[in-house]
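To keep things clear, I will list the structure first and then write my remarks on it.
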Amino acid sequence: MLKRPFDKSKLPSRHVTEGPERAPHRSYYYAMGMTEEEIHQPLVGVATCWNEAAPCNIALNRQAQAVKMGVKQAFGTPREFTTITVTDGIAMGHEGMRSSLASREAIADTVELTMRGHCYDAIVGLAGCDKSLPGMMMAMVRLNVPSVFIYGGSILPGKAPQVDEIPEDFRTRDLTVQDMFEAVGRHQNNEMSDAALDMLERVACPSAGACGGQFTANTMACVSEAIGLALFNSSGAPAPYESRDQYGEASGRAVMDLVENNIRARDIVTLKSLENAARVVACTGGSTNAGLHLPAIAHEAGIEFYLDDVCEIFKDTPYFVDLKPGGTHVAKDLYDAGGLPVVMKELRKAGLIHEDCMTASGYSVGEELDKVAREADGKVIYPIDAPITKTGGVVGLKGNLAPEGAIVKVAGMTEEQQVFTGPARVFECEEDAFDAVKDRAYEEGEVIVIRNEGPAGGPGMREMLATTAALSGQGMGKKVALITDGRFSGATRGFCVGHVGPEAAHGGPIALLQNGDMITINAISGEISVALSDEELAARKEAWAGPRETIYATGAVWKFAKLVGPTYQGAVTHPGGKAEKHVYADL
């Protein structure tokens, strides 16, 4: 390959590598073993969320080395750095979950600061866990440099020992961490022994990689391809597959092509590409958290793409990819069936994809789909003209209980299960609700309300997987409904409504509910309401004592609570692209 001429006079790294006055800066680069040639090439940040916190991130370090090889092959100079991750599977069900959503902002902020501080010209970002994927993509769009995203890959499915002590339904399916949360419910219900629980926890998660179902990490991995920031099919291969190195190298080479052609993140992330991403979430029965993260990514570009807009797309997108938790299969199965490109090819057949959107490869979505030879297998990926259901696996709701909207995953539910009316049983936080579920202190037919768990009021907008999984484990997942101003894990099953806005801390109607109030949730018509008059709600608002005091009076979680905006806008913490007075790459 001929060495490419790059004009450093227009690249950010000129501020640290060019001219006599930068001799001190260059001395630092020589101290790290860089050659003169490497110093004067474009500098590419290779950002990872590698750590030893969880299996989602543990393989990123090795994959980063492959990316660096690709950058070098294309005459760039890679500079590797890491940022934090908070892993929801470990943070779940306790105070640690308050750090989760705030970590998305911290990831975006720290990547931005590292890129700005060292004047890197482009970025390849590797991420593996729920908040690290959107956080990394937010940083790319915020900086608006040539950017390529690569997912660390999913975990391999677990297999239960074939012993009678373990319930048969656990022995006959692929296991994910979702099954472990549900096993806790079975154990609490005296339907699983200590020994069985012990055996399952040792085999449910057998390798590196992110949670195996279409939970938040895999949902956002699909988004990274659909939105154009990741190379097609780069998300699919499980984390332990050495073949992932090929995608790493290709991503490193691709970012240098983007530098050469001055194709930046906002040339790729547009309103149309965000709509493509929302389509993919809907048709795969993806995580409700996409309703939070897509608006946040849009915000970085100054694009208004809110929860309502996401849900409008969900409404008329068929659900045709059979993945857990609503369906049967895991991420590895989707990869084996041809991956996201085959899914997008089906969407194109129905005219549901904007084909003219640019991708990280330098080719348009349509041009990339023209290369896809495989067809829907009818098992994991159904043909779009014979979908599982005719509308998306995720639905938006509005009504007098959620004037700013709410969201529910209905993948795997029948139409009959998508309408629920029942009396409220109100809890002031997740711990109170979990204790009540554990003690069976609730009734079939009730709507469990968990409030004060929004972004500001929680603070941190925790996920309620421990509670919902316990309900499923008790066999009550379809016999009660649950609503919250907090979030749900992508692994949540059952009729569980999240993102209810305005949140309780901001005086939303959820703050005014009392035990016994009759609540109706209708995912077919998109309604969430309480049988109270406007006058009664106004009177309760007048008598409302104000937001609940929390124990977070300082530190990062306090800072997040003070800065965070409404859920329907993505729970973001700064003014975004609309307010910016410069673009980093042009400084």
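Chain labels A, B, ... are given in the sequence in which chains occur in the structure tokens; within each chain residues are numbered consecutively from 1, and ligands are likewise numbered from 1 in the order shown.
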
For the interface of region 375-413 of chain A with region 479-490 of chain A (cut-off 10 Å, counting only C-alpha atoms), please tabulate each contacting residue of region 375-413 of chain A alongside its nearest pair of atoms and their separation in Å to one decimal, rows sorted by chain and increasing number, as CSV.
```
residue,atom,partner,partner_atom,distance
A:Ala402,CA,A:Asp485,CA,9.3
A:Ala406,CA,A:Asp485,CA,8.3
A:Ile407,CA,A:Arg487,CA,9.3
A:Val408,CA,A:Phe488,CA,9.0
A:Lys409,CA,A:Gly490,CA,8.8
```

Within 10 Å of region 533-539 of chain A, counting only C-alpha atoms, which residues qualify if same-chain residues fewer than 3 places away don't, as a list in words? Asn400, Leu401, Pro509, Leu512, Leu513, Val530, Glu542, Ala543 and Trp544 of chain A

Take the residues that were just selected and, keeping N, CA, C and O atoms, output them as a compact mmCIF listing (two decimals), in the first residue's frame.
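selection-v9.txt was written with the following content:
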```txt
# COMPACT_ATOMS: atom_id res chain seq x y z
N ASN A 400 -52.72 10.65 31.20
CA ASN A 400 -52.66 11.57 32.34
C ASN A 400 -51.70 11.10 33.43
O ASN A 400 -51.37 11.85 34.34
N LEU A 401 -51.22 9.86 33.33
CA LEU A 401 -50.22 9.37 34.28
C LEU A 401 -48.80 9.62 33.78
O LEU A 401 -47.85 9.62 34.55
N PRO A 509 -47.36 13.14 37.72
CA PRO A 509 -48.52 12.45 38.29
C PRO A 509 -48.17 11.18 39.05
O PRO A 509 -48.89 10.81 40.00
N LEU A 512 -48.19 11.45 42.70
CA LEU A 512 -49.46 11.75 43.35
C LEU A 512 -50.32 10.50 43.56
O LEU A 512 -51.39 10.57 44.17
N LEU A 513 -49.87 9.36 43.06
CA LEU A 513 -50.67 8.13 43.16
C LEU A 513 -50.80 7.66 44.61
O LEU A 513 -49.88 7.84 45.43
N VAL A 530 -54.66 7.01 34.87
CA VAL A 530 -55.20 6.71 36.19
C VAL A 530 -56.60 7.30 36.24
O VAL A 530 -56.85 8.39 35.70
N GLU A 542 -51.34 20.11 44.72
CA GLU A 542 -51.31 21.23 45.66
C GLU A 542 -50.87 20.75 47.05
O GLU A 542 -50.12 21.45 47.76
N ALA A 543 -51.29 19.56 47.42
CA ALA A 543 -50.98 19.02 48.76
C ALA A 543 -49.66 18.25 48.80
O ALA A 543 -49.23 17.82 49.87
N TRP A 544 -49.01 18.10 47.65
CA TRP A 544 -47.78 17.29 47.56
C TRP A 544 -46.66 17.92 48.39
O TRP A 544 -46.43 19.13 48.35
```

Quick one: contact table of region 449-546 of chain A to region 414-431 of chain A, 10 Å max, nearest atom pair and distance in Å to one decimal per residue, counting only C-alpha atoms, chain and number order, as a tab-separated table?
```
residue	atom	partner	partner_atom	distance
A:Val449	CA	A:Val426	CA	4.7
A:Ile450	CA	A:Phe427	CA	5.0
A:Arg451	CA	A:Glu428	CA	5.3
A:Asn452	CA	A:Cys429	CA	6.0
A:Glu453	CA	A:Cys429	CA	6.5
A:Gly458	CA	A:Cys429	CA	8.1
A:Arg462	CA	A:Glu430	CA	8.5
A:Glu463	CA	A:Glu430	CA	8.9
A:Met464	CA	A:Glu430	CA	6.9
A:Leu465	CA	A:Glu430	CA	9.9
A:Ala466	CA	A:Glu430	CA	8.9
A:Thr467	CA	A:Glu430	CA	7.5
A:Lys478	CA	A:Gln417	CA	7.3
A:Lys479	CA	A:Gln417	CA	9.2
A:Val480	CA	A:Gly422	CA	8.3
A:Ala481	CA	A:Phe420	CA	7.2
A:Leu482	CA	A:Ala424	CA	9.2
A:Ile483	CA	A:Ala424	CA	9.5
A:Thr484	CA	A:Glu430	CA	9.2
A:Gly486	CA	A:Glu430	CA	9.2
A:Gly494	CA	A:Gln417	CA	9.0
A:Phe495	CA	A:Gln418	CA	7.2
A:Ala504	CA	A:Glu428	CA	9.7
A:Ile510	CA	A:Val426	CA	9.5
A:Ala511	CA	A:Glu428	CA	9.1
A:Leu513	CA	A:Val426	CA	7.3
A:Gln514	CA	A:Val426	CA	6.4
A:Asn515	CA	A:Arg425	CA	4.9
A:Gly516	CA	A:Pro423	CA	4.5
A:Asp517	CA	A:Ala424	CA	5.3
A:Met518	CA	A:Pro423	CA	4.4
A:Ile519	CA	A:Thr421	CA	5.6
A:Thr520	CA	A:Thr421	CA	4.3
A:Ile521	CA	A:Phe420	CA	5.3
A:Asn522	CA	A:Val419	CA	4.4
A:Ala523	CA	A:Gln418	CA	5.3
A:Ile524	CA	A:Gln418	CA	6.6
A:Ser525	CA	A:Val419	CA	9.0
A:Gly526	CA	A:Val419	CA	9.8
A:Glu527	CA	A:Val419	CA	9.4
A:Ile528	CA	A:Phe420	CA	9.7
A:Ser529	CA	A:Thr421	CA	9.5
A:Val530	CA	A:Ala424	CA	9.2
A:Ala531	CA	A:Pro423	CA	9.9
```

Non-local contacts of Arg14 (chain A) (10 Å; only C-alpha atoms; under 4 positions in same chain excluded) as a list in words: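 My list of contacting residues is Asp7, Lys8, Ser9, Lys10, Glu18, Gly19, Arg22, Ile39, His40, Gln41, Pro42, Leu43, Cys119, Tyr120 and Asp121 of chain A.
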
8 Å contact set for Gly302 (chain A), only C-alpha atoms, chain neighbours under 5 positions out, as a count of residues only: 4
